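A.B. asks: entry19.cif is the file, holding mmCIF, C-alpha atoms and all ligand atoms:
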```
data_input
loop_
_atom_site.label_atom_id
_atom_site.label_comp_id
_atom_site.auth_asym_id
_atom_site.auth_seq_id
_atom_site.Cartn_x
_atom_site.Cartn_y
_atom_site.Cartn_z
CA MET A 28 48.45 85.10 90.94
CA THR A 29 51.87 86.37 91.99
CA ASP A 30 54.34 83.80 93.31
CA ARG A 31 55.61 85.65 96.34
CA LEU A 32 55.25 88.94 98.18
CA ILE A 33 57.69 90.39 100.70
CA GLU A 34 55.78 93.02 102.64
CA ASN A 35 56.55 95.49 105.35
CA ALA A 36 60.22 95.77 104.42
CA ARG A 37 62.54 98.76 104.57
CA ILE A 38 63.81 98.58 101.01
CA VAL A 39 67.28 99.94 100.27
CA SER A 40 67.98 101.56 96.92
CA ALA A 41 70.66 103.82 95.45
CA THR A 42 68.82 106.87 96.76
CA GLY A 43 67.42 105.91 100.15
CA VAL A 44 65.35 103.56 102.28
CA GLN A 45 61.61 103.25 101.71
CA THR A 46 59.05 101.10 103.50
CA GLY A 47 57.15 98.93 101.07
CA ALA A 48 56.79 95.55 99.43
CA ILE A 49 58.36 93.47 96.67
CA ALA A 50 56.27 91.25 94.41
CA ILE A 51 58.03 88.32 92.74
CA ASP A 52 56.96 86.33 89.70
CA ASP A 53 58.85 83.63 87.89
CA GLY A 54 62.13 84.46 89.63
CA ARG A 55 62.00 88.14 88.77
CA ILE A 56 60.80 91.27 90.48
CA ARG A 57 57.30 92.11 89.26
CA ALA A 58 56.88 95.29 91.27
CA VAL A 59 58.57 97.13 94.12
CA GLY A 60 57.47 100.11 96.17
CA PRO A 61 55.23 101.54 98.90
CA ASP A 62 51.91 100.60 97.26
CA VAL A 63 52.78 97.10 96.06
CA ALA A 64 51.40 95.16 99.07
CA SER A 65 47.76 96.01 98.41
CA GLU A 66 47.94 95.22 94.72
CA TYR A 67 49.68 91.82 95.13
CA GLY A 68 48.23 90.78 98.50
CA ASP A 69 46.85 87.54 97.02
CA ALA A 70 50.36 86.15 96.35
CA ALA A 71 50.83 82.39 96.77
CA ASP A 72 53.38 83.04 99.52
CA VAL A 73 53.65 86.13 101.70
CA ILE A 74 56.74 86.91 103.79
CA ASP A 75 56.18 89.53 106.46
CA ALA A 76 59.57 91.23 106.74
CA ASP A 77 58.48 92.90 109.98
CA ARG A 78 60.40 96.06 109.08
CA MET A 79 63.62 94.24 108.32
CA VAL A 80 65.90 95.82 105.73
CA ALA A 81 65.61 94.39 102.21
CA MET A 82 68.61 94.80 99.93
CA PRO A 83 69.63 93.30 96.61
CA GLY A 84 71.61 90.10 97.19
CA VAL A 85 75.28 90.98 97.64
CA VAL A 86 77.52 90.69 94.55
CA ASP A 87 81.00 89.62 95.67
CA VAL A 88 83.54 90.09 92.88
CA HIS A 89 86.63 88.70 94.62
CA ASN A 90 86.77 85.31 96.28
CA HIS A 91 88.70 82.04 96.03
CA MET A 92 86.54 78.94 96.21
CA HIS A 93 87.52 76.23 93.83
CA ASP A 94 90.93 74.68 93.23
CA SER A 95 91.23 70.95 93.86
CA ASP A 96 95.03 71.16 93.61
CA LEU A 97 95.11 73.61 96.49
CA PHE A 98 92.10 73.37 98.80
CA PRO A 99 91.77 70.32 101.06
CA ASP A 100 88.89 67.80 101.02
CA GLY A 101 85.55 69.31 101.87
CA ILE A 102 86.42 72.77 100.55
CA ASP A 103 85.19 73.42 97.03
CA PHE A 104 82.72 75.51 95.05
CA ALA A 105 79.79 73.72 96.74
CA SER A 106 80.88 74.34 100.34
CA GLU A 107 81.99 77.91 99.69
CA THR A 108 78.98 79.05 97.67
CA ALA A 109 76.88 77.58 100.50
CA SER A 110 78.74 79.87 102.88
CA ALA A 111 78.16 82.78 100.46
CA ALA A 112 74.43 82.09 100.25
CA ALA A 113 74.16 81.87 104.03
CA GLY A 114 75.69 85.33 104.31
CA GLY A 115 73.40 87.01 101.77
CA VAL A 116 75.79 86.84 98.81
CA THR A 117 73.76 85.71 95.80
CA THR A 118 76.33 86.34 93.06
CA VAL A 119 80.04 85.50 93.20
CA VAL A 120 82.91 86.15 90.84
CA GLU A 121 85.61 83.60 91.59
CA LEU A 122 89.35 84.06 91.02
CA PRO A 123 92.03 81.47 90.30
CA THR A 124 94.49 80.41 92.96
CA GLN A 125 97.14 77.77 92.25
CA THR A 126 95.69 76.19 89.10
CA PRO A 127 96.17 78.55 86.13
CA ILE A 128 93.05 79.49 84.18
CA THR A 129 94.95 80.96 81.25
CA SER A 130 93.53 79.15 78.22
CA PRO A 131 90.00 78.86 76.79
CA GLU A 132 90.06 75.11 77.56
CA ALA A 133 91.02 75.60 81.22
CA PHE A 134 88.36 78.28 81.57
CA ARG A 135 85.65 76.06 80.05
CA GLU A 136 86.63 73.12 82.26
CA LYS A 137 86.45 75.19 85.44
CA ARG A 138 83.15 76.74 84.37
CA GLU A 139 81.63 73.28 83.91
CA GLU A 140 82.99 71.95 87.22
CA CYS A 141 81.69 74.97 89.11
CA ALA A 142 78.26 74.86 87.47
CA ASP A 143 77.63 71.42 89.00
CA LEU A 144 78.54 72.69 92.47
CA ALA A 145 77.20 76.26 92.55
CA HIS A 146 74.61 77.31 95.12
CA VAL A 147 74.53 80.85 93.70
CA ASP A 148 75.02 82.44 90.29
CA PHE A 149 78.65 82.92 89.42
CA GLY A 150 81.22 84.42 87.10
CA LEU A 151 84.91 83.59 86.74
CA VAL A 152 88.13 85.53 86.30
CA ALA A 153 91.05 84.31 84.16
CA GLY A 154 94.58 84.14 85.58
CA ASN A 155 96.92 84.12 87.28
CA VAL A 156 98.76 85.48 84.26
CA GLU A 157 102.53 85.01 84.56
CA ASP A 158 103.21 84.94 80.80
CA SER A 159 101.47 87.34 78.42
CA ASP A 160 101.51 84.85 75.55
CA LEU A 161 97.88 83.77 75.95
CA ASP A 162 94.71 83.67 73.86
CA VAL A 163 92.93 86.73 75.29
CA ASP A 164 90.14 86.77 72.68
CA GLY A 165 89.54 83.04 73.10
CA ILE A 166 89.23 83.39 76.88
CA ILE A 167 86.89 86.37 76.57
CA ALA A 168 84.71 84.34 74.22
CA GLU A 169 84.30 81.74 76.99
CA GLY A 170 82.66 84.28 79.27
CA THR A 171 84.96 86.66 81.14
CA ARG A 172 86.50 90.07 80.57
CA ASP A 173 88.73 90.00 83.64
CA PHE A 174 92.37 88.91 83.81
CA LYS A 175 94.26 88.67 87.08
CA THR A 176 97.98 89.19 87.51
CA PHE A 177 100.46 89.89 90.33
CA THR A 178 103.38 92.19 91.10
CA ALA A 179 104.38 89.81 93.90
CA ASP A 180 105.00 86.12 94.61
CA PRO A 181 103.74 83.45 94.37
CA TYR A 182 102.33 84.46 90.96
CA LEU A 183 104.79 87.27 90.22
CA ALA A 184 104.65 88.55 86.63
CA SER A 185 107.43 90.71 85.19
CA ASP A 186 106.74 94.37 84.46
CA GLU A 187 107.08 93.63 80.76
CA THR A 188 104.54 90.80 81.01
CA ILE A 189 102.05 93.05 82.80
CA VAL A 190 102.40 95.83 80.21
CA SER A 191 101.97 93.35 77.35
CA LEU A 192 98.98 91.75 79.04
CA MET A 193 97.38 95.15 79.60
CA GLU A 194 97.90 96.10 75.96
CA LYS A 195 96.27 92.88 74.74
CA VAL A 196 93.40 92.96 77.20
CA GLY A 197 92.77 96.67 76.69
CA ASN A 198 92.57 96.14 72.93
CA ALA A 199 90.14 93.28 73.40
CA GLY A 200 87.81 95.32 75.63
CA GLY A 201 88.70 93.60 78.90
CA LYS A 202 90.11 94.67 82.22
CA VAL A 203 93.23 93.69 84.17
CA ARG A 204 93.07 93.09 87.91
CA VAL A 205 96.33 93.42 89.78
CA HIS A 206 97.53 92.32 93.20
CA CYS A 207 99.66 95.35 94.08
CA GLU A 208 102.71 94.84 96.29
CA THR A 209 106.23 95.36 94.92
CA GLN A 210 108.27 92.17 95.30
CA GLY A 211 111.62 93.95 95.71
CA ILE A 212 110.40 95.71 98.85
CA LEU A 213 108.87 92.48 100.20
CA ASP A 214 112.15 90.59 99.61
CA HIS A 215 114.17 93.27 101.34
CA ALA A 216 111.84 93.38 104.32
CA ARG A 217 111.68 89.60 104.71
CA ALA A 218 115.49 89.23 104.59
CA SER A 219 115.89 91.21 107.81
CA ILE A 220 113.39 89.10 109.81
CA ASP A 221 114.64 86.06 111.76
CA GLU A 222 111.62 85.43 113.98
CA ASN A 223 108.70 83.08 113.26
CA THR A 224 106.09 84.71 115.49
CA PRO A 225 102.83 86.12 114.07
CA ASP A 226 103.64 89.73 115.01
CA VAL A 227 106.52 89.95 112.52
CA TYR A 228 104.35 89.08 109.54
CA MET A 229 103.25 92.68 108.95
CA ASP A 230 106.88 93.81 108.94
CA SER A 231 107.47 91.52 105.97
CA ARG A 232 104.89 93.38 103.85
CA PRO A 233 105.39 97.15 104.31
CA LEU A 234 102.84 99.76 103.31
CA GLU A 235 105.24 101.24 100.74
CA ALA A 236 105.22 97.97 98.77
CA GLU A 237 101.51 98.56 98.15
CA LEU A 238 101.86 102.28 97.44
CA ASP A 239 104.65 101.76 94.90
CA ALA A 240 102.83 98.95 93.09
CA ILE A 241 99.51 100.82 92.88
CA SER A 242 101.30 103.84 91.47
CA ARG A 243 103.23 101.83 88.89
CA MET A 244 100.15 99.87 87.82
CA GLY A 245 98.32 103.15 87.36
CA TRP A 246 100.99 104.36 84.93
CA PHE A 247 101.19 100.94 83.26
CA ALA A 248 97.43 101.03 82.65
CA GLU A 249 97.58 104.53 81.19
CA TYR A 250 100.53 103.63 79.00
CA ALA A 251 98.87 100.43 77.75
CA ASP A 252 95.41 102.03 77.57
CA CYS A 253 93.77 99.29 79.62
CA PRO A 254 91.13 99.51 82.36
CA LEU A 255 92.65 98.63 85.74
CA HIS A 256 91.06 97.05 88.80
CA VAL A 257 93.20 97.20 91.94
CA VAL A 258 92.19 94.30 94.17
CA HIS A 259 92.18 94.39 97.98
CA VAL A 260 93.61 97.86 98.71
CA SER A 261 94.73 97.46 102.34
CA SER A 262 95.38 101.07 103.38
CA GLY A 263 93.85 104.52 103.18
CA SER A 264 97.09 105.78 101.66
CA GLY A 265 96.83 103.08 98.99
CA ALA A 266 93.32 104.26 98.16
CA ARG A 267 94.60 107.84 97.78
CA GLU A 268 97.41 106.62 95.53
CA GLY A 269 94.93 104.81 93.29
CA GLY A 270 92.56 107.75 93.46
CA ARG A 271 95.09 109.93 91.62
CA PHE A 272 94.59 107.79 88.52
CA LYS A 273 90.82 107.82 88.85
CA SER A 274 90.82 111.61 88.80
CA ARG A 275 92.99 111.71 85.68
CA ALA A 276 90.27 109.65 83.97
CA ASN A 277 92.51 108.53 81.10
CA VAL A 278 91.55 104.91 81.64
CA PRO A 279 88.93 103.52 84.04
CA VAL A 280 90.49 102.59 87.40
CA THR A 281 88.47 100.67 89.98
CA LEU A 282 89.57 100.36 93.60
CA GLU A 283 88.46 97.50 95.81
CA THR A 284 88.95 96.91 99.52
CA CYS A 285 87.83 94.12 101.85
CA PRO A 286 86.05 93.98 105.22
CA HIS A 287 89.14 92.73 107.08
CA TYR A 288 91.12 95.87 106.20
CA LEU A 289 88.34 97.92 107.78
CA ALA A 290 87.89 95.63 110.77
CA PHE A 291 91.46 95.03 111.91
CA SER A 292 94.80 96.79 112.22
CA LYS A 293 98.18 95.23 112.89
CA GLU A 294 97.58 95.87 116.59
CA ASP A 295 94.96 93.11 116.60
CA VAL A 296 97.57 90.49 115.66
CA GLU A 297 98.80 90.09 119.22
CA GLU A 298 95.43 88.57 120.14
CA LYS A 299 94.48 86.90 116.84
CA GLY A 300 97.91 85.77 115.63
CA PRO A 301 97.76 83.59 112.50
CA PHE A 302 94.01 84.15 112.21
CA LEU A 303 94.88 87.53 110.69
CA LYS A 304 97.51 86.33 108.23
CA VAL A 305 96.54 87.89 104.92
CA ASN A 306 98.19 89.51 101.88
CA PRO A 307 98.53 92.46 101.70
CA SER A 308 99.11 92.48 105.44
CA LEU A 309 97.12 94.55 107.94
CA LYS A 310 98.24 98.13 108.42
CA SER A 311 98.25 100.74 111.22
CA PRO A 312 95.07 102.00 112.98
CA THR A 313 95.61 105.35 111.21
CA GLU A 314 95.53 103.62 107.82
CA VAL A 315 92.34 101.80 108.83
CA GLU A 316 90.63 105.11 109.64
CA ARG A 317 91.87 106.62 106.37
CA LEU A 318 90.51 103.61 104.54
CA TRP A 319 87.05 104.08 106.08
CA GLU A 320 87.24 107.69 104.88
CA ALA A 321 88.10 106.51 101.34
CA VAL A 322 85.19 104.07 101.45
CA ARG A 323 82.83 106.85 102.53
CA ASP A 324 83.96 109.49 100.05
CA GLY A 325 83.90 107.25 96.97
CA THR A 326 87.65 106.82 96.44
CA ILE A 327 87.09 103.11 97.07
CA ASP A 328 84.57 101.88 94.50
CA LEU A 329 83.52 98.58 95.97
CA ILE A 330 84.03 96.09 98.76
CA ALA A 331 84.71 92.39 98.13
CA SER A 332 85.30 89.57 100.58
CA GLU A 333 88.55 88.13 99.19
CA HIS A 334 87.28 84.96 100.82
CA PHE A 335 90.00 82.33 101.12
CA PRO A 336 88.94 79.11 102.87
CA THR A 337 91.16 77.07 105.18
CA TYR A 338 90.58 74.78 108.15
CA ARG A 339 91.25 75.91 111.71
CA GLU A 340 93.90 73.19 112.29
CA ASP A 341 95.91 74.46 109.34
CA ARG A 342 95.79 78.00 110.61
CA GLU A 343 96.73 77.04 114.20
CA ARG A 344 100.20 76.02 112.93
CA GLY A 345 100.92 79.70 112.46
CA TRP A 346 101.28 80.32 116.21
CA GLU A 347 104.51 78.27 116.05
CA ASN A 348 105.62 79.41 112.64
CA ILE A 349 103.75 82.22 110.93
CA TRP A 350 105.42 81.48 107.57
CA GLU A 351 103.77 78.03 107.30
CA PRO A 352 100.01 78.49 106.73
CA TYR A 353 98.62 80.01 103.56
CA ALA A 354 97.70 83.69 103.80
CA GLY A 355 94.03 84.58 103.35
CA LEU A 356 90.88 84.88 105.43
CA PRO A 357 87.40 83.39 105.17
CA GLY A 358 84.86 86.19 105.05
CA ILE A 359 82.15 85.86 102.43
CA GLU A 360 79.51 84.82 104.97
CA THR A 361 80.29 87.61 107.41
CA MET A 362 80.86 90.55 105.04
CA LEU A 363 77.33 91.94 105.01
CA GLU A 364 76.74 91.52 108.75
CA PHE A 365 80.06 93.23 109.45
CA LEU A 366 79.45 96.14 107.09
CA VAL A 367 75.98 96.81 108.48
CA SER A 368 77.14 96.45 112.10
CA ALA A 369 80.42 98.39 111.88
CA GLY A 370 79.48 100.60 108.95
CA VAL A 371 75.80 101.55 108.82
CA HIS A 372 75.00 101.10 112.52
CA GLU A 373 78.12 103.04 113.53
CA ASP A 374 77.27 105.91 111.15
CA ARG A 375 80.28 105.31 108.98
CA LEU A 376 78.17 104.39 105.94
CA SER A 377 74.65 105.18 104.79
CA TRP A 378 72.38 102.40 103.50
CA PRO A 379 72.57 103.77 99.93
CA ARG A 380 76.37 103.90 100.14
CA LEU A 381 76.46 100.27 101.32
CA HIS A 382 74.08 99.39 98.45
CA GLU A 383 76.56 100.97 96.03
CA LEU A 384 79.63 99.28 97.59
CA VAL A 385 78.40 95.67 97.72
CA CYS A 386 75.49 95.51 95.26
CA ALA A 387 75.27 98.05 92.44
CA ARG A 388 78.92 98.91 91.81
CA PRO A 389 80.26 95.33 91.90
CA ALA A 390 77.39 94.27 89.62
CA ARG A 391 78.37 96.96 87.12
CA GLU A 392 82.02 95.98 87.50
CA ALA A 393 81.06 92.37 86.75
CA GLY A 394 78.89 93.38 83.79
CA VAL A 395 75.69 91.96 85.30
CA TYR A 396 73.89 95.17 86.32
CA PRO A 397 70.92 95.78 86.62
CA GLN A 398 69.99 92.07 86.42
CA LYS A 399 72.05 91.75 89.65
CA GLY A 400 72.73 94.39 92.28
CA SER A 401 69.45 96.28 92.13
CA LEU A 402 65.79 95.80 93.04
CA GLN A 403 63.82 97.03 90.05
CA GLU A 404 60.93 95.77 88.02
CA GLY A 405 62.20 92.97 85.77
CA THR A 406 65.51 92.28 87.53
CA ASP A 407 66.43 88.95 89.17
CA ALA A 408 64.64 88.47 92.50
CA ASP A 409 67.88 88.15 94.50
CA ILE A 410 67.07 89.69 97.88
CA VAL A 411 68.56 89.59 101.36
CA LEU A 412 66.59 90.47 104.49
CA VAL A 413 68.70 91.81 107.36
CA ARG A 414 67.37 92.01 110.91
CA GLU A 415 68.68 94.12 113.75
CA GLU A 416 69.97 91.90 116.52
CA GLU A 417 72.81 92.11 119.03
CA PHE A 418 74.94 88.98 118.99
CA GLU A 419 78.47 87.71 119.51
CA VAL A 420 80.15 86.33 116.41
CA SER A 421 80.98 82.64 116.59
CA ALA A 422 82.25 80.30 113.88
CA ASP A 423 79.83 77.71 115.31
CA ASP A 424 76.92 79.76 113.96
CA LEU A 425 78.29 79.96 110.42
CA ARG A 426 77.65 77.63 107.48
CA TYR A 427 81.37 77.94 106.63
CA VAL A 428 83.08 74.54 107.03
CA GLY A 429 86.56 75.78 108.03
CA GLY A 430 85.62 76.13 111.69
CA TRP A 431 86.97 79.62 112.28
CA THR A 432 86.45 83.30 111.59
CA PRO A 433 88.77 86.23 112.30
CA TYR A 434 85.72 88.05 113.73
CA GLU A 435 85.21 85.47 116.54
CA GLY A 436 83.97 87.20 119.70
CA GLN A 437 83.07 90.55 118.12
CA GLU A 438 79.76 92.15 119.11
CA TRP A 439 77.63 92.84 116.04
CA SER A 440 74.17 94.29 115.55
CA ALA A 441 72.89 92.94 112.22
CA ARG A 442 72.05 89.41 111.19
CA VAL A 443 71.32 87.98 107.74
CA ASP A 444 67.80 86.59 108.19
CA THR A 445 66.46 85.37 104.85
CA VAL A 446 68.21 85.04 101.51
CA ILE A 447 66.23 84.81 98.29
CA ALA A 448 67.65 84.01 94.86
CA ASP A 449 65.62 83.86 91.67
CA GLY A 450 62.56 84.25 93.88
CA ASP A 451 63.28 81.18 96.04
CA VAL A 452 64.34 81.17 99.69
CA ILE A 453 67.84 79.67 99.54
CA ALA A 454 68.95 80.29 103.15
CA ARG A 455 67.51 81.34 106.49
CA ASP A 456 69.48 82.03 109.68
CA HIS A 457 72.64 80.75 107.98
CA GLU A 458 70.93 77.41 107.21
CA LEU A 459 70.88 76.41 103.56
CA ARG A 460 67.62 75.47 101.81
CA VAL A 461 68.94 74.42 98.41
CA SER A 462 71.27 71.89 96.76
CA PRO A 463 74.42 72.40 94.70
CA GLY A 464 73.90 73.06 91.01
CA ARG A 465 71.15 75.66 91.24
CA GLY A 466 73.55 78.52 90.55
CA GLU A 467 74.14 79.49 86.92
CA PHE A 468 77.20 80.73 85.10
CA LEU A 469 77.00 84.39 84.14
CA SER A 470 78.70 84.99 80.83
CA ARG A 471 80.34 88.42 80.89
CA SER A 472 81.95 88.47 77.44
ZN ZN B 501 92.48 87.18 95.91
#
```
Would you encode the structure as structure tokens?
Ligand SMILES: [Zn+2]

C.D. replies:
Amino acid sequence: MTDRLIENARIVSATGVQTGAIAIDDGRIRAVGPDVASEYGDAADVIDADRMVAMPGVVDVHNHMHDSDLFPDGIDFASETASAAAGGVTTVVELPTQTPITSPEAFREKREECADLAHVDFGLVAGNVEDSDLDVDGIIAEGTRDFKTFTADPYLASDETIVSLMEKVGNAGGKVRVHCETQGILDHARASIDENTPDVYMDSRPLEAELDAISRMGWFAEYADCPLHVVHVSSGSGAREGGRFKSRANVPVTLETCPHYLAFSKEDVEEKGPFLKVNPSLKSPTEVERLWEAVRDGTIDLIASEHFPTYREDRERGWENIWEPYAGLPGIETMLEFLVSAGVHEDRLSWPRLHELVCARPAREAGVYPQKGSLQEGTDADIVLVREEEFEVSADDLRYVGGWTPYEGQEWSARVDTVIADGDVIARDHELRVSPGRGEFLSRS
């Protein structure tokens, strides 16, 4: 007998949406399609999806969740993967913050710590690389191909370091991820600002800092013959700049953006203040529209949350002095609901395009496709059911422990209903059903 059957679902794939059922056995998909319900109707457990949308669990390849030197008590890989699971994200790839993960030993230690706390399957990225003298092969052997570096503070690497890193990583078969904002432009902009109010924050991080850095990293990657992943592109113009290198096709270039760059422009800062403090900063409404266009037409390859957890009290300090709180927004739990509500339901994205942006493409980028990011016979039974429902976003309804969301008060039309991982229901209505430690490390060597 089959373990579980999800019937009467509108199943999203790379090519369309089809009404049907998904049969699950031993944590994997046994069968999927329009005729599956009749064949596996005797399953031990049957979930009637009642025409909800069924998608592969979201694969989020950029988030910050675990750093005991940085995040306060109560925020760690357990709390944040719980928030991920509640939002339909069943695979995460976590990136370093303050604590460097730049040696095989540091990587192994973090991997072991996270494995005890994980609610969902996870991968890790090495970084933040500020000195290119590191054991690239040794780190890759521990289970990652991705190395993160910065063209800006607080983890600024010199141009020479970035080129050397790219050469090493390219030779070893890995990929370099770069935070692209040019520090010289940021320094110049900041020096002319005397105020401490939230509205000046965007002036300290001009669009051109991003455009210049993306362009230079594109040439660096070609010169060093290394695949490049540009994290959190914040503008449509930035996407175009990166797109030039994709079309040259000399080295693979992947462009990522995040929900907050599609949801907000700098004009929203008057109302939201420090609750929109993020790097790169928010841009103009025109850039937001151009970014949606780049997401639609394929210039942007994938969307990641860039989840960065903080408590509300910490963020409130920014009303007085915007320079004080850390930059970064929580968003892993809200990313799917936002993208369905503002993207699919507003005719900005099709279901297959969304499937590509948050499931298939990030899974390929992470080296875990088709096991993750697709619903096919034999792949992991990681499935999210999304129901149509009008509601007002409130941090009170989220599993996230920080007590705030930049989306507070927005009217959305899609809700994550049921989240299944390895065939088990791990969350329903943002309530968790599992304990830490069930998630497994995904080696991506
Ligand atoms: Zn980040």

A.B. asks: 10 Å from ligand ZN 501 (chain B) is the threshold here; counting all atoms listed in the file, which polymer residues fall inside it? Answer as a list in words.

C.D. replies: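 The residues near ligand ZN 501 (chain B) are Val88, His89, Asn90, His91, Glu121, Leu122, Pro123, Thr124, Lys175, Arg204, Val205, His206, Val258, His259, Val305, Asn306, Pro307, Ala331, Ser332, Glu333, His334, Phe335, Gly355 and Leu356 of chain A.
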
A.B. asks: With all atoms listed in the file as the counted atoms, please give the residues lying no more than 9 Å from Lys195 (chain A), apart from itself and same-chain residues fewer than 5 positions off, as an MDAnalysis selection string.

C.D. replies: chainID A and resid 159 163:164 190 200:201 251 253

A.B. asks: From the set A:Phe247, A:Phe174, A:Tyr338, A:Trp431, which residue has the shortest atom-to-atom contact distance to Glu187 (chain A), counting only C-alpha atoms?

C.D. replies: A:Phe247

A.B. asks: Have a look at CA of Glu383 (chain A) and CA of Ile33 (chain A) and let me know their distance in Å, one decimal.

C.D. replies: 22.1 Å

A.B. asks: Give me, as a PDB file with C-alpha atoms, in the frame of the given file, all polymer residues having an atom no more than 12 Å from Leu303 (chain A), counting only C-alpha atoms and skipping those fewer than 6 positions away in the same chain.

C.D. replies:
```pdb
ATOM      1  CA  PRO A 225     102.830  86.120 114.070  1.00  0.00           C
ATOM      2  CA  ASP A 226     103.640  89.730 115.010  1.00  0.00           C
ATOM      3  CA  TYR A 228     104.350  89.080 109.540  1.00  0.00           C
ATOM      4  CA  MET A 229     103.250  92.680 108.950  1.00  0.00           C
ATOM      5  CA  HIS A 287      89.140  92.730 107.080  1.00  0.00           C
ATOM      6  CA  TYR A 288      91.120  95.870 106.200  1.00  0.00           C
ATOM      7  CA  ALA A 290      87.890  95.630 110.770  1.00  0.00           C
ATOM      8  CA  PHE A 291      91.460  95.030 111.910  1.00  0.00           C
ATOM      9  CA  SER A 292      94.800  96.790 112.220  1.00  0.00           C
ATOM     10  CA  LYS A 293      98.180  95.230 112.890  1.00  0.00           C
ATOM     11  CA  GLU A 294      97.580  95.870 116.590  1.00  0.00           C
ATOM     12  CA  ASP A 295      94.960  93.110 116.600  1.00  0.00           C
ATOM     13  CA  VAL A 296      97.570  90.490 115.660  1.00  0.00           C
ATOM     14  CA  GLU A 297      98.800  90.090 119.220  1.00  0.00           C
ATOM     15  CA  LEU A 309      97.120  94.550 107.940  1.00  0.00           C
ATOM     16  CA  LYS A 310      98.240  98.130 108.420  1.00  0.00           C
ATOM     17  CA  PHE A 335      90.000  82.330 101.120  1.00  0.00           C
ATOM     18  CA  ARG A 342      95.790  78.000 110.610  1.00  0.00           C
ATOM     19  CA  GLU A 343      96.730  77.040 114.200  1.00  0.00           C
ATOM     20  CA  GLY A 345     100.920  79.700 112.460  1.00  0.00           C
ATOM     21  CA  TRP A 346     101.280  80.320 116.210  1.00  0.00           C
ATOM     22  CA  ILE A 349     103.750  82.220 110.930  1.00  0.00           C
ATOM     23  CA  PRO A 352     100.010  78.490 106.730  1.00  0.00           C
ATOM     24  CA  TYR A 353      98.620  80.010 103.560  1.00  0.00           C
ATOM     25  CA  ALA A 354      97.700  83.690 103.800  1.00  0.00           C
ATOM     26  CA  GLY A 355      94.030  84.580 103.350  1.00  0.00           C
ATOM     27  CA  LEU A 356      90.880  84.880 105.430  1.00  0.00           C
ATOM     28  CA  PRO A 357      87.400  83.390 105.170  1.00  0.00           C
ATOM     29  CA  GLY A 358      84.860  86.190 105.050  1.00  0.00           C
ATOM     30  CA  TRP A 431      86.970  79.620 112.280  1.00  0.00           C
ATOM     31  CA  THR A 432      86.450  83.300 111.590  1.00  0.00           C
ATOM     32  CA  PRO A 433      88.770  86.230 112.300  1.00  0.00           C
ATOM     33  CA  TYR A 434      85.720  88.050 113.730  1.00  0.00           C
ATOM     34  CA  GLU A 435      85.210  85.470 116.540  1.00  0.00           C
TER      35      GLU A 435
END
```

A.B. asks: Can you tell me how far CA of Leu469 (chain A) sits from CA of Val385 (chain A), in Å to one decimal?

C.D. replies: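 Between CA of Leu469 (chain A) and CA of Val385 (chain A) the gap is 17.7 Å.
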
A.B. asks: So the first atom is CA of Val257 (chain A) and the second is CA of Glu283 (chain A); what is the distance between them in Å, to one decimal place?

C.D. replies: 6.1 Å

A.B. asks: Report as a ChimeraX atom specification all protein, DNA and RNA residues lying within 12 Å of Glu438 (chain A), evaluated on all atoms listed in the file, omitting residues in the same chain fewer than 3 positions from it.

C.D. replies: /A:364-365,368-369,416-421,434-435,441-442

A.B. asks: Please provide the set of residues having any atom within 8 Å of Ile330 (chain A), restricted to all atoms listed in the file, with same-chain residues fewer than 3 positions apart removed, written as an MDAnalysis selection string.

C.D. replies: chainID A and resid 87 283:286 327 384:385 389

A.B. asks: Distance table requested - region 380-449 of chain A against region 34-41 of chain A, cut-off 8 Å, only C-alpha atoms: one row per qualifying residue with the closest atom pair and its distance in Å to one decimal, ordered by chain and rising residue number, as JSON lines.

C.D. replies:
```
{"residue": "A:Arg380", "atom": "CA", "partner": "A:Ala41", "partner_atom": "CA", "distance": 7.4}
{"residue": "A:His382", "atom": "CA", "partner": "A:Ala41", "partner_atom": "CA", "distance": 6.3}
{"residue": "A:Glu383", "atom": "CA", "partner": "A:Ala41", "partner_atom": "CA", "distance": 6.6}
{"residue": "A:Ala387", "atom": "CA", "partner": "A:Ala41", "partner_atom": "CA", "distance": 8.0}
{"residue": "A:Ser401", "atom": "CA", "partner": "A:Ser40", "partner_atom": "CA", "distance": 7.3}
{"residue": "A:Leu402", "atom": "CA", "partner": "A:Ser40", "partner_atom": "CA", "distance": 7.3}
```

A.B. asks: Out of A:Arg243, A:Val152, A:Ala448, A:Arg465, which residue has the shortest atom-to-atom distance to Lys399 (chain A) when counting only C-alpha atoms?

C.D. replies: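 Among A:Arg243, A:Val152, A:Ala448, A:Arg465, it is A:Ala448 that comes nearest to Lys399 (chain A).
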
A.B. asks: Determine the nearest neighbour of Gly165 (chain A) from the options A:Glu132, A:Glu140, A:Asp148, A:Asp456, counting all atoms listed in the file.

C.D. replies: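 Nearest to Gly165 (chain A): A:Glu132.
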
A.B. asks: Which residue out of A:Glu235, A:Asp409, A:Glu136, A:Asp53 has the minimum interatomic distance to Val452 (chain A) when only C-alpha atoms are used?

C.D. replies: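 For Val452 (chain A), the nearest of the candidates is A:Asp409.
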
A.B. asks: Which one is closest to Val147 (chain A): A:Ser261, A:Thr46, A:Gln437, A:Ser110? Count all atoms listed in the file.

C.D. replies: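 Going through A:Ser261, A:Thr46, A:Gln437, A:Ser110 one by one, the smallest distance to Val147 (chain A) is for A:Ser110.
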
A.B. asks: Considering all atoms listed in the file, state which residue in the set A:Ala321, A:Leu329, A:Val156, A:Ala184 is at the smallest distance from Thr281 (chain A).

C.D. replies: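 Nearest candidate to Thr281 (chain A) out of A:Ala321, A:Leu329, A:Val156, A:Ala184: A:Leu329.
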